[in-house]
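Visitor: So that you have it, the file is run.cif, and it contains mmCIF, C-alpha atoms:
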data_final
loop_
_atom_site.group_PDB
_atom_site.id
_atom_site.type_symbol
_atom_site.label_atom_id
_atom_site.label_comp_id
_atom_site.auth_asym_id
_atom_site.auth_seq_id
_atom_site.Cartn_x
_atom_site.Cartn_y
_atom_site.Cartn_z
ATOM 1 C CA MET A 491 0.000 0.000 0.000
ATOM 2 C CA HIS A 492 1.350 3.403 -0.913
ATOM 3 C CA THR A 493 1.451 5.780 2.026
ATOM 4 C CA GLY A 494 2.059 8.857 -0.111
ATOM 5 C CA LEU A 495 4.390 11.813 0.210
ATOM 6 C CA LYS A 496 4.127 14.030 3.275
ATOM 7 C CA LEU A 497 4.454 17.693 2.363
ATOM 8 C CA VAL A 498 4.560 20.929 4.330
ATOM 9 C CA SER A 499 4.320 24.417 2.823
ATOM 10 C CA ILE A 500 4.981 27.607 4.804
ATOM 11 C CA ASN A 501 5.341 31.305 4.128
ATOM 12 C CA ILE A 502 8.027 31.839 6.769
ATOM 13 C CA GLU A 503 8.249 35.665 6.714
ATOM 14 C CA GLY A 504 12.003 35.912 6.292
ATOM 15 C CA ASP A 505 14.028 35.358 9.445
ATOM 16 C CA LYS A 506 11.265 36.019 11.978
ATOM 17 C CA HIS A 507 10.021 32.578 12.982
ATOM 18 C CA TRP A 508 12.777 29.959 12.914
ATOM 19 C CA ASP A 509 12.332 29.333 16.656
ATOM 20 C CA SER A 510 8.846 27.991 15.973
ATOM 21 C CA ILE A 511 9.442 26.594 12.476
ATOM 22 C CA LEU A 512 12.273 24.194 13.299
ATOM 23 C CA PRO A 513 10.511 22.409 16.216
ATOM 24 C CA PHE A 514 7.369 22.175 14.085
ATOM 25 C CA LEU A 515 9.280 20.503 11.244
ATOM 26 C CA GLU A 516 10.977 18.134 13.679
ATOM 27 C CA LYS A 517 7.568 17.081 14.990
ATOM 28 C CA GLU A 518 5.874 16.742 11.592
ATOM 29 C CA GLY A 519 8.750 15.106 9.726
ATOM 30 C CA PRO A 520 7.691 15.928 6.150
ATOM 31 C CA GLU A 521 9.589 14.394 3.267
ATOM 32 C CA VAL A 522 9.270 17.589 1.246
ATOM 33 C CA LEU A 523 9.126 21.176 2.489
ATOM 34 C CA CYS A 524 8.079 24.172 0.384
ATOM 35 C CA LEU A 525 9.005 27.631 1.634
ATOM 36 C CA GLN A 526 8.052 31.134 0.592
ATOM 37 C CA GLU A 527 9.741 34.365 1.738
ATOM 38 C CA VAL A 528 12.991 32.604 2.618
ATOM 39 C CA PHE A 529 16.571 33.873 2.625
ATOM 40 C CA GLU A 530 18.839 31.543 0.666
ATOM 41 C CA ASP A 531 21.661 31.734 3.214
ATOM 42 C CA GLN A 532 19.312 30.535 5.973
ATOM 43 C CA LEU A 533 18.418 27.276 4.258
ATOM 44 C CA SER A 534 21.417 25.784 6.080
ATOM 45 C CA LYS A 535 19.203 25.734 9.186
ATOM 46 C CA LEU A 536 17.293 22.857 7.583
ATOM 47 C CA THR A 537 19.774 20.188 8.625
ATOM 48 C CA SER A 538 17.237 17.378 8.168
ATOM 49 C CA PHE A 539 16.730 18.318 4.522
ATOM 50 C CA PRO A 540 19.958 17.684 2.589
ATOM 51 C CA TYR A 541 18.470 18.382 -0.851
ATOM 52 C CA LEU A 542 17.584 21.983 -1.659
ATOM 53 C CA HIS A 543 16.469 24.099 -4.576
ATOM 54 C CA PHE A 544 16.185 27.876 -4.221
ATOM 55 C CA THR A 545 14.453 30.273 -6.628
ATOM 56 C CA GLN A 546 15.448 33.924 -6.459
ATOM 57 C CA ASN A 547 12.732 36.580 -6.188
ATOM 58 C CA THR A 548 14.671 39.666 -5.099
ATOM 59 C CA LEU A 549 17.345 41.050 -2.746
ATOM 60 C CA ARG A 550 16.492 42.356 0.697
ATOM 61 C CA PRO A 551 18.044 42.502 4.184
ATOM 62 C CA TYR A 552 17.025 40.354 7.098
ATOM 63 C CA TRP A 553 13.968 41.625 8.936
ATOM 64 C CA SER A 554 16.173 41.682 12.037
ATOM 65 C CA GLU A 555 18.676 43.960 10.244
ATOM 66 C CA PRO A 556 16.726 46.804 8.609
ATOM 67 C CA GLY A 557 18.991 48.551 6.142
ATOM 68 C CA GLY A 558 21.486 45.708 6.362
ATOM 69 C CA VAL A 559 23.267 43.686 3.695
ATOM 70 C CA PRO A 560 21.009 42.689 0.770
ATOM 71 C CA ARG A 561 20.572 38.926 0.652
ATOM 72 C CA ASN A 562 19.068 36.500 -1.841
ATOM 73 C CA PHE A 563 15.366 36.121 -1.073
ATOM 74 C CA GLY A 564 12.755 33.863 -2.663
ATOM 75 C CA THR A 565 11.120 30.443 -2.560
ATOM 76 C CA ALA A 566 12.596 26.999 -1.999
ATOM 77 C CA ILE A 567 11.918 23.293 -2.054
ATOM 78 C CA ALA A 568 13.737 21.205 0.568
ATOM 79 C CA SER A 569 13.682 17.428 0.656
ATOM 80 C CA ARG A 570 14.865 14.435 2.636
ATOM 81 C CA VAL A 571 15.145 12.468 -0.615
ATOM 82 C CA PRO A 572 16.985 13.526 -3.784
ATOM 83 C CA LEU A 573 15.445 16.206 -5.981
ATOM 84 C CA LYS A 574 15.372 15.665 -9.733
ATOM 85 C CA ASN A 575 14.856 17.969 -12.704
ATOM 86 C CA VAL A 576 15.030 21.107 -10.571
ATOM 87 C CA ARG A 577 14.430 24.431 -12.285
ATOM 88 C CA ASP A 578 12.708 27.789 -12.084
ATOM 89 C CA VAL A 579 9.638 28.865 -14.023
ATOM 90 C CA TYR A 580 9.225 32.645 -13.954
ATOM 91 C CA TYR A 581 5.940 34.286 -14.896
ATOM 92 C CA TRP A 582 7.212 37.810 -14.188
ATOM 93 C CA LYS A 583 10.851 38.758 -14.482
ATOM 94 C CA VAL A 584 12.444 42.062 -15.386
ATOM 95 C CA GLY A 585 16.168 42.547 -16.001
ATOM 96 C CA GLU A 586 19.039 40.075 -16.083
ATOM 97 C CA VAL A 587 19.853 40.133 -12.368
ATOM 98 C CA PRO A 588 17.648 40.624 -9.300
ATOM 99 C CA VAL A 589 17.555 44.089 -7.797
ATOM 100 C CA PHE A 590 16.996 45.405 -4.286
ATOM 101 C CA PHE A 591 13.344 45.182 -3.257
ATOM 102 C CA VAL A 592 11.464 48.475 -2.958
ATOM 103 C CA ASN A 593 8.731 48.170 -0.354
ATOM 104 C CA GLY A 594 6.652 50.977 -1.833
ATOM 105 C CA SER A 595 3.647 51.153 -4.129
ATOM 106 C CA PRO A 596 2.294 47.982 -5.767
ATOM 107 C CA LYS A 597 4.047 48.955 -9.003
ATOM 108 C CA GLU A 598 7.361 49.550 -7.208
ATOM 109 C CA LYS A 599 7.110 46.214 -5.415
ATOM 110 C CA HIS A 600 6.279 44.422 -8.642
ATOM 111 C CA ALA A 601 9.096 46.085 -10.564
ATOM 112 C CA THR A 602 11.676 44.934 -8.002
ATOM 113 C CA HIS A 603 10.388 41.381 -7.419
ATOM 114 C CA TRP A 604 10.589 38.414 -9.781
ATOM 115 C CA TYR A 605 7.649 36.035 -9.551
ATOM 116 C CA GLY A 606 8.242 32.381 -10.307
ATOM 117 C CA CYS A 607 7.818 28.769 -9.286
ATOM 118 C CA SER A 608 10.433 26.524 -7.771
ATOM 119 C CA VAL A 609 10.062 23.188 -9.569
ATOM 120 C CA ALA A 610 11.404 19.789 -8.550
ATOM 121 C CA GLU A 611 10.562 16.117 -8.789
ATOM 122 C CA VAL A 612 10.890 13.578 -5.982
ATOM 123 C CA GLU A 613 10.530 9.829 -6.060
ATOM 124 C CA THR A 614 9.147 7.782 -3.192
ATOM 125 C CA GLU A 615 7.725 4.271 -3.110
ATOM 126 C CA GLY A 616 8.399 4.012 -6.829
ATOM 127 C CA MET A 617 6.213 7.019 -7.613
ATOM 128 C CA THR A 618 7.413 10.364 -8.955
ATOM 129 C CA PHE A 619 5.855 13.582 -7.707
ATOM 130 C CA LYS A 620 6.348 16.926 -9.421
ATOM 131 C CA ILE A 621 6.211 19.718 -6.830
ATOM 132 C CA LEU A 622 5.951 23.440 -7.519
ATOM 133 C CA THR A 623 5.844 26.292 -5.049
ATOM 134 C CA THR A 624 5.359 30.020 -5.517
ATOM 135 C CA GLN A 625 4.837 33.367 -3.831
ATOM 136 C CA PHE A 626 2.252 34.947 -6.111
ATOM 137 C CA THR A 627 1.760 38.612 -6.957
ATOM 138 C CA TRP A 628 0.666 40.789 -4.030
ATOM 139 C CA THR A 629 -2.064 43.424 -3.983
ATOM 140 C CA PRO A 630 -2.696 45.825 -1.090
ATOM 141 C CA ASP A 631 -6.310 44.826 -0.385
ATOM 142 C CA GLY A 632 -6.485 41.238 -1.578
ATOM 143 C CA MET A 633 -8.453 42.260 -4.654
ATOM 144 C CA PRO A 634 -7.093 41.868 -8.201
ATOM 145 C CA ASP A 635 -5.304 44.594 -10.102
ATOM 146 C CA ASP A 636 -3.940 44.623 -13.638
ATOM 147 C CA LEU A 637 -0.551 43.266 -12.522
ATOM 148 C CA GLN A 638 -2.094 40.311 -10.716
ATOM 149 C CA ARG A 639 -4.441 39.556 -13.613
ATOM 150 C CA LYS A 640 -1.602 39.601 -16.122
ATOM 151 C CA ASP A 641 0.668 37.440 -13.963
ATOM 152 C CA LEU A 642 -2.032 34.823 -13.383
ATOM 153 C CA THR A 643 -2.720 34.584 -17.106
ATOM 154 C CA THR A 644 0.990 34.089 -17.765
ATOM 155 C CA LEU A 645 1.356 31.555 -14.938
ATOM 156 C CA LEU A 646 -1.595 29.438 -16.068
ATOM 157 C CA THR A 647 -0.290 29.479 -19.647
ATOM 158 C CA LEU A 648 3.134 28.258 -18.509
ATOM 159 C CA LEU A 649 1.613 25.593 -16.277
ATOM 160 C CA LYS A 650 -0.053 23.995 -19.276
ATOM 161 C CA ASN A 651 3.442 22.841 -20.267
ATOM 162 C CA GLU A 652 4.114 21.213 -16.894
ATOM 163 C CA GLY A 653 1.822 18.204 -17.232
ATOM 164 C CA GLU A 654 0.779 16.843 -13.842
ATOM 165 C CA TYR A 655 1.926 18.506 -10.619
ATOM 166 C CA ALA A 656 1.113 19.711 -7.126
ATOM 167 C CA LEU A 657 1.415 23.487 -6.685
ATOM 168 C CA CYS A 658 1.526 25.099 -3.254
ATOM 169 C CA GLY A 659 2.307 28.473 -1.768
ATOM 170 C CA ASP A 660 1.033 31.890 -0.797
ATOM 171 C CA PHE A 661 -1.113 33.103 -3.678
ATOM 172 C CA ASN A 662 -2.345 36.434 -2.275
ATOM 173 C CA ILE A 663 -5.730 35.569 -3.825
ATOM 174 C CA PRO A 664 -8.367 35.280 -1.076
ATOM 175 C CA ARG A 665 -10.622 32.308 -1.731
ATOM 176 C CA ILE A 666 -13.988 33.301 -3.234
ATOM 177 C CA GLN A 667 -13.442 37.020 -2.467
ATOM 178 C CA ASN A 668 -10.928 37.613 -5.257
ATOM 179 C CA GLU A 669 -12.444 36.957 -8.692
ATOM 180 C CA LEU A 670 -9.177 35.373 -9.861
ATOM 181 C CA TYR A 671 -9.718 32.452 -7.482
ATOM 182 C CA ALA A 672 -12.218 30.927 -9.938
ATOM 183 C CA GLN A 673 -9.626 31.165 -12.713
ATOM 184 C CA LEU A 674 -6.957 29.627 -10.480
ATOM 185 C CA VAL A 675 -9.054 26.579 -9.592
ATOM 186 C CA SER A 676 -10.505 26.108 -13.064
ATOM 187 C CA ALA A 677 -7.425 24.025 -13.852
ATOM 188 C CA HIS A 678 -6.761 22.660 -10.363
ATOM 189 C CA THR A 679 -8.309 21.055 -7.317
ATOM 190 C CA ASP A 680 -8.102 23.224 -4.217
ATOM 191 C CA ASN A 681 -7.199 20.723 -1.507
ATOM 192 C CA ILE A 682 -7.598 23.060 1.477
ATOM 193 C CA PRO A 683 -10.824 22.058 3.266
ATOM 194 C CA THR A 684 -13.591 24.653 3.024
ATOM 195 C CA SER A 685 -13.856 24.620 6.816
ATOM 196 C CA TYR A 686 -10.769 26.859 6.805
ATOM 197 C CA THR A 687 -11.710 30.453 6.095
ATOM 198 C CA CYS A 688 -8.351 32.097 6.824
ATOM 199 C CA SER A 689 -4.714 31.051 6.453
ATOM 200 C CA LEU A 690 -3.227 34.063 8.229
ATOM 201 C CA ASP A 691 -2.047 33.493 11.785
ATOM 202 C CA SER A 692 -3.722 35.552 14.491
ATOM 203 C CA THR A 693 -0.667 35.261 16.743
ATOM 204 C CA TYR A 694 2.019 36.392 14.310
ATOM 205 C CA HIS A 695 0.464 38.304 11.413
ATOM 206 C CA ARG A 696 1.540 41.945 11.297
ATOM 207 C CA THR A 697 -2.065 43.223 11.184
ATOM 208 C CA ARG A 698 -3.257 41.272 14.227
ATOM 209 C CA THR A 699 -3.294 44.325 16.544
ATOM 210 C CA THR A 700 -4.612 46.776 13.950
ATOM 211 C CA PRO A 701 -8.091 47.529 12.581
ATOM 212 C CA ALA A 702 -7.014 45.833 9.331
ATOM 213 C CA TRP A 703 -7.187 42.426 11.027
ATOM 214 C CA GLU A 704 -10.983 42.533 10.967
ATOM 215 C CA HIS A 705 -10.731 42.618 7.180
ATOM 216 C CA VAL A 706 -7.905 40.141 6.526
ATOM 217 C CA ARG A 707 -8.956 37.558 9.113
ATOM 218 C CA HIS A 708 -11.222 36.180 6.391
ATOM 219 C CA TYR A 709 -8.368 35.764 3.884
ATOM 220 C CA MET A 710 -7.741 32.189 2.793
ATOM 221 C CA VAL A 711 -4.689 32.755 0.566
ATOM 222 C CA ASP A 712 -2.416 29.721 1.008
ATOM 223 C CA TYR A 713 -3.229 26.760 -1.200
ATOM 224 C CA LEU A 714 -2.287 23.241 -2.186
ATOM 225 C CA LEU A 715 -3.479 22.817 -5.772
ATOM 226 C CA THR A 716 -3.311 19.586 -7.748
ATOM 227 C CA THR A 717 -3.883 18.421 -11.310
ATOM 228 C CA PRO A 718 -5.871 15.193 -11.847
ATOM 229 C CA LYS A 719 -2.985 12.752 -11.397
ATOM 230 C CA TYR A 720 -2.480 13.817 -7.784
ATOM 231 C CA TYR A 721 -4.705 14.126 -4.763
ATOM 232 C CA ALA A 722 -4.143 15.013 -1.117
ATOM 233 C CA THR A 723 -5.293 13.503 2.168
ATOM 234 C CA ASP A 724 -4.971 14.520 5.824
ATOM 235 C CA VAL A 725 -4.838 18.174 4.793
ATOM 236 C CA ARG A 726 -4.781 20.717 7.582
ATOM 237 C CA LEU A 727 -3.555 24.215 8.403
ATOM 238 C CA GLN A 728 -1.344 24.568 11.468
ATOM 239 C CA ASP A 729 -1.135 27.818 13.389
ATOM 240 C CA GLY A 730 1.642 28.982 15.709
ATOM 241 C CA VAL A 731 4.379 28.495 13.095
ATOM 242 C CA SER A 732 4.659 31.753 11.103
ATOM 243 C CA ASP A 733 2.540 34.739 10.096
ATOM 244 C CA HIS A 734 0.785 32.386 7.681
ATOM 245 C CA MET A 735 -0.433 28.994 8.804
ATOM 246 C CA ALA A 736 1.515 25.990 7.579
ATOM 247 C CA ILE A 737 -0.111 23.609 5.112
ATOM 248 C CA VAL A 738 0.340 19.957 6.109
ATOM 249 C CA ALA A 739 -0.778 17.220 3.708
ATOM 250 C CA THR A 740 -0.032 13.822 2.226
ATOM 251 C CA LEU A 741 0.154 13.664 -1.556
ATOM 252 C CA HIS A 742 -0.846 10.601 -3.544
ATOM 253 C CA SER A 743 -0.507 9.674 -7.198
ATOM 254 C CA ARG A 744 -3.375 7.958 -9.037
#
What would the structure in this file look like if it were written as structure tokens?

Guide:
Amino acid sequence: MHTGLKLVSINIEGDKHWDSILPFLEKEGPEVLCLQEVFEDQLSKLTSFPYLHFTQNTLRPYWSEPGGVPRNFGTAIASRVPLKNVRDVYYWKVGEVPVFFVNGSPKEKHATHWYGCSVAEVETEGMTFKILTTQFTWTPDGMPDDLQRKDLTTLLTLLKNEGEYALCGDFNIPRIQNELYAQLVSAHTDNIPTSYTCSLDSTYHRTRTTPAWEHVRHYMVDYLLTTPKYYATDVRLQDGVSDHMAIVATLHSR
């Protein structure tokens, strides 16, 4: 009997939450870990995951060192078993090298941030799983703008070339509330149970003590999406890990 592939996906908010992330990973013991908002030079903390693939999004300093040295920042796939056919699939990229992130208007953020998927394949129990993870285009109020619309169209076009896969990450597209959600799931199964109405963490999210929390506490923005070959069981969101809840699931291949 195939037991599947245990996967965890977390938006880790830079260097803020390693004290809670590492014990959580030790307890859960996933075979594959997908990370968003991670500094490349901090992946060495993942001593239980010897196989790593990092995808650059931008340059920015540690949160703990405002104005400090710019560091490679992006998404990553970490694994306890070897990764195969690793690569990056960018759906928005400007320039030949990443530039320092400008935390300003939506256009300034977008112009200084590459958006792409980390892609890797893993084999377990004789089955191959293609895993993708991304940090999708941000908007200030969770509603679509022209940049987000364009990037989703490009992403979905590129994904048609990927065959079968599981795609996870922080999509910045609130379920149901953002009209682009319907487009996103038209080609995928959303494996997050509908009983979850928010994937932001009330303990760690930056808006938790502000009036904005009343608005964003209904944002379900972190997803595990699958094409028909794959399905997920034992899917849950775990709080107390980062500013976004962690996705925990077991992937299976039909």

Visitor: Give me, as a Markdown table, each residue of range 680-739 of chain A that comes within 10 Å of range 491-508 of chain A, together with its shortest interatomic pair and the distance in Å at one decimal, counting all atoms listed in the file, with rows ordered by chain and rising residue number.

Guide:
| residue | atom | partner | partner_atom | distance |
| --- | --- | --- | --- | --- |
| A:Leu690 | CA | A:Asn501 | CA | 9.9 |
| A:Tyr694 | CA | A:His507 | CA | 9.0 |
| A:His695 | CA | A:Glu503 | CA | 9.5 |
| A:Asp712 | CA | A:Asn501 | CA | 8.5 |
| A:Tyr713 | CA | A:Ser499 | CA | 8.9 |
| A:Leu714 | CA | A:Ser499 | CA | 8.4 |
| A:Tyr721 | CA | A:Gly494 | CA | 9.8 |
| A:Ala722 | CA | A:Gly494 | CA | 8.8 |
| A:Thr723 | CA | A:Gly494 | CA | 9.0 |
| A:Asp724 | CA | A:Lys496 | CA | 9.5 |
| A:Val725 | CA | A:Leu497 | CA | 9.6 |
| A:Arg726 | CA | A:Val498 | CA | 9.9 |
| A:Leu727 | CA | A:Ser499 | CA | 9.7 |
| A:Gln728 | CA | A:Ile500 | CA | 9.7 |
| A:Gly730 | CA | A:His507 | CA | 9.5 |
| A:Val731 | CA | A:His507 | CA | 7.0 |
| A:Ser732 | CA | A:Ile502 | CA | 5.5 |
| A:Asp733 | CA | A:Glu503 | CA | 6.7 |
| A:His734 | CA | A:Asn501 | CA | 5.9 |
| A:Met735 | CA | A:Ile500 | CA | 6.9 |
| A:Ala736 | CA | A:Ile500 | CA | 4.7 |
| A:Ile737 | CA | A:Ser499 | CA | 5.1 |
| A:Val738 | CA | A:Val498 | CA | 4.7 |
| A:Ala739 | CA | A:Leu497 | CA | 5.4 |

Visitor: Using only C-alpha atoms, list the residues that have an atom at most 7 Å from (16.8, 42.4, -7.3), coordinates as in the file, as a list in words.

Guide: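 Those within range, by chain then number, are Thr548, Leu549, Val587, Pro588, Val589, Phe590, Phe591, Thr602 and His603 of chain A.
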
Visitor: Could you tell me how far CA of Trp604 in chain A lies from CA of Lys620 in chain A, in Å and to one decimal?

Guide: 21.9 Å

Visitor: Check the smallest atom-to-atom distance from each of A:Trp582, A:Tyr709, A:Phe539, A:Tyr720 to Thr643 in chain A using all atoms listed in the file, then report the winner.

Guide: A:Trp582

Visitor: Could you spell out the hits of the PyMOL selection byres ((chain A and resi 707) around 10) on the shown file, as a ChimeraX atom specification?

Guide: /A:687-692,695,697-698,702-706,708-710

Visitor: Provide the CA of Arg744 in chain A to CA of Arg665 in chain A distance in Å, to one decimal place.

Guide: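 Between CA of Arg744 in chain A and CA of Arg665 in chain A the gap works out to 26.4 Å.
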
Visitor: Any idea what's packed within 8 Å of Leu573 in chain A, counting all atoms listed in the file, ignoring anything in its chain fewer than 4 positions away? Could you give it as a ChimeraX atom specification?

Guide: /A:541-542,569,610-612

Visitor: Generate the output file for the selected residues, C-alpha atoms, as a short mmCIF file (atom, residue, chain, number, x, y, z; two decimals), in the coordinates of the input.

Guide:
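To be explicit, this is the file written out as part32.cif:
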data_model
loop_
_atom_site.label_atom_id
_atom_site.label_comp_id
_atom_site.auth_asym_id
_atom_site.auth_seq_id
_atom_site.Cartn_x
_atom_site.Cartn_y
_atom_site.Cartn_z
CA TYR A 541 18.47 18.38 -0.85
CA LEU A 542 17.58 21.98 -1.66
CA SER A 569 13.68 17.43 0.66
CA ALA A 610 11.40 19.79 -8.55
CA GLU A 611 10.56 16.12 -8.79
CA VAL A 612 10.89 13.58 -5.98
#

Visitor: Kindly give the distance, in Å, that separates CA of Gly585 in chain A and CA of Asn547 in chain A, rounded to a single decimal.

Guide: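 Taking CA of Gly585 in chain A as the start and CA of Asn547 in chain A as the end point, the length is 12.0 Å.
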
Visitor: Of the residues A:Glu516, A:Gly564, A:Asn681, A:Glu586, which is the one nearest to Thr740 in chain A, using only C-alpha atoms?

Guide: A:Asn681

Visitor: So, with all atoms listed in the file as the atoms that count, which of A:Gln526, A:Thr699, A:Thr684, A:Gln638 lies closest to Gly659 in chain A?

Guide: A:Gln526

Visitor: Please return the centre and edge lengths, in Å to one decimal, of a box with edges along x, y and z that contains all listed atoms of range 501-504 of chain A, widened by 6 Å on every side, as JSON.

Guide:
{"center_x": 8.7, "center_y": 33.6, "center_z": 5.4, "size_x": 18.7, "size_y": 16.6, "size_z": 14.6}

Visitor: Name the residues captured by the PyMOL selection byres ((chain A and resi 524) around 6) when it is applied to the shown file; answer as a PyMOL selection string.

Guide: chain A and resi 499+523+525+566-567

Visitor: Extract, using all atoms listed in the file, all DNA, RNA and protein residues at most 12 Å from Leu645 in chain A, discarding same-chain residues fewer than 5 positions from it, and format them as JSON, numbers by chain.

Guide: {"A": [579, 580, 581, 582, 583, 605, 606, 607, 622, 624, 625, 626, 627, 638, 639, 640, 650, 651, 652, 657, 661, 673, 674, 677]}

Visitor: Can you turn the PyMOL selection byres ((chain A and resi 663) around 8) into a concrete residue list for this file, as an NGL selection string?

Guide: :A and (632-634 or 661-662 or 664-665 or 667-668 or 670-671 or 710-711)

Visitor: Compare A:Pro520, A:Glu669, A:Val571, A:Phe563 by their minimum atom-to-atom distance to Pro551 in chain A, counting all atoms listed in the file, and give me the closest one.

Guide: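 For Pro551 in chain A, the nearest of the candidates is A:Phe563.
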
Visitor: Just the residues within 10 Å of Pro630 in chain A, please, counting all atoms listed in the file, with nothing from its chain fewer than 5 positions along; format it as a PyMOL selection string.

Guide: chain A and resi 595-596+635+662

Visitor: Might you pull out every residue within 6 Å of Ser608 in chain A, with only C-alpha atoms counted and same-chain residues fewer than 6 positions away left off, and present them as a list in words?

Guide: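 My reading of the contact set: Thr545, Asp578, Leu622 and Thr623 of chain A.
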
Visitor: When you look at Leu533 in chain A with a cut-off of 9 Å (counting only C-alpha atoms), what residues show up, excluding the ones that are within fewer than 2 positions of it in the same chain? I need them as a VMD selection string.

Guide: chain A and resid 528 to 531 535 to 537 542 544 566 568
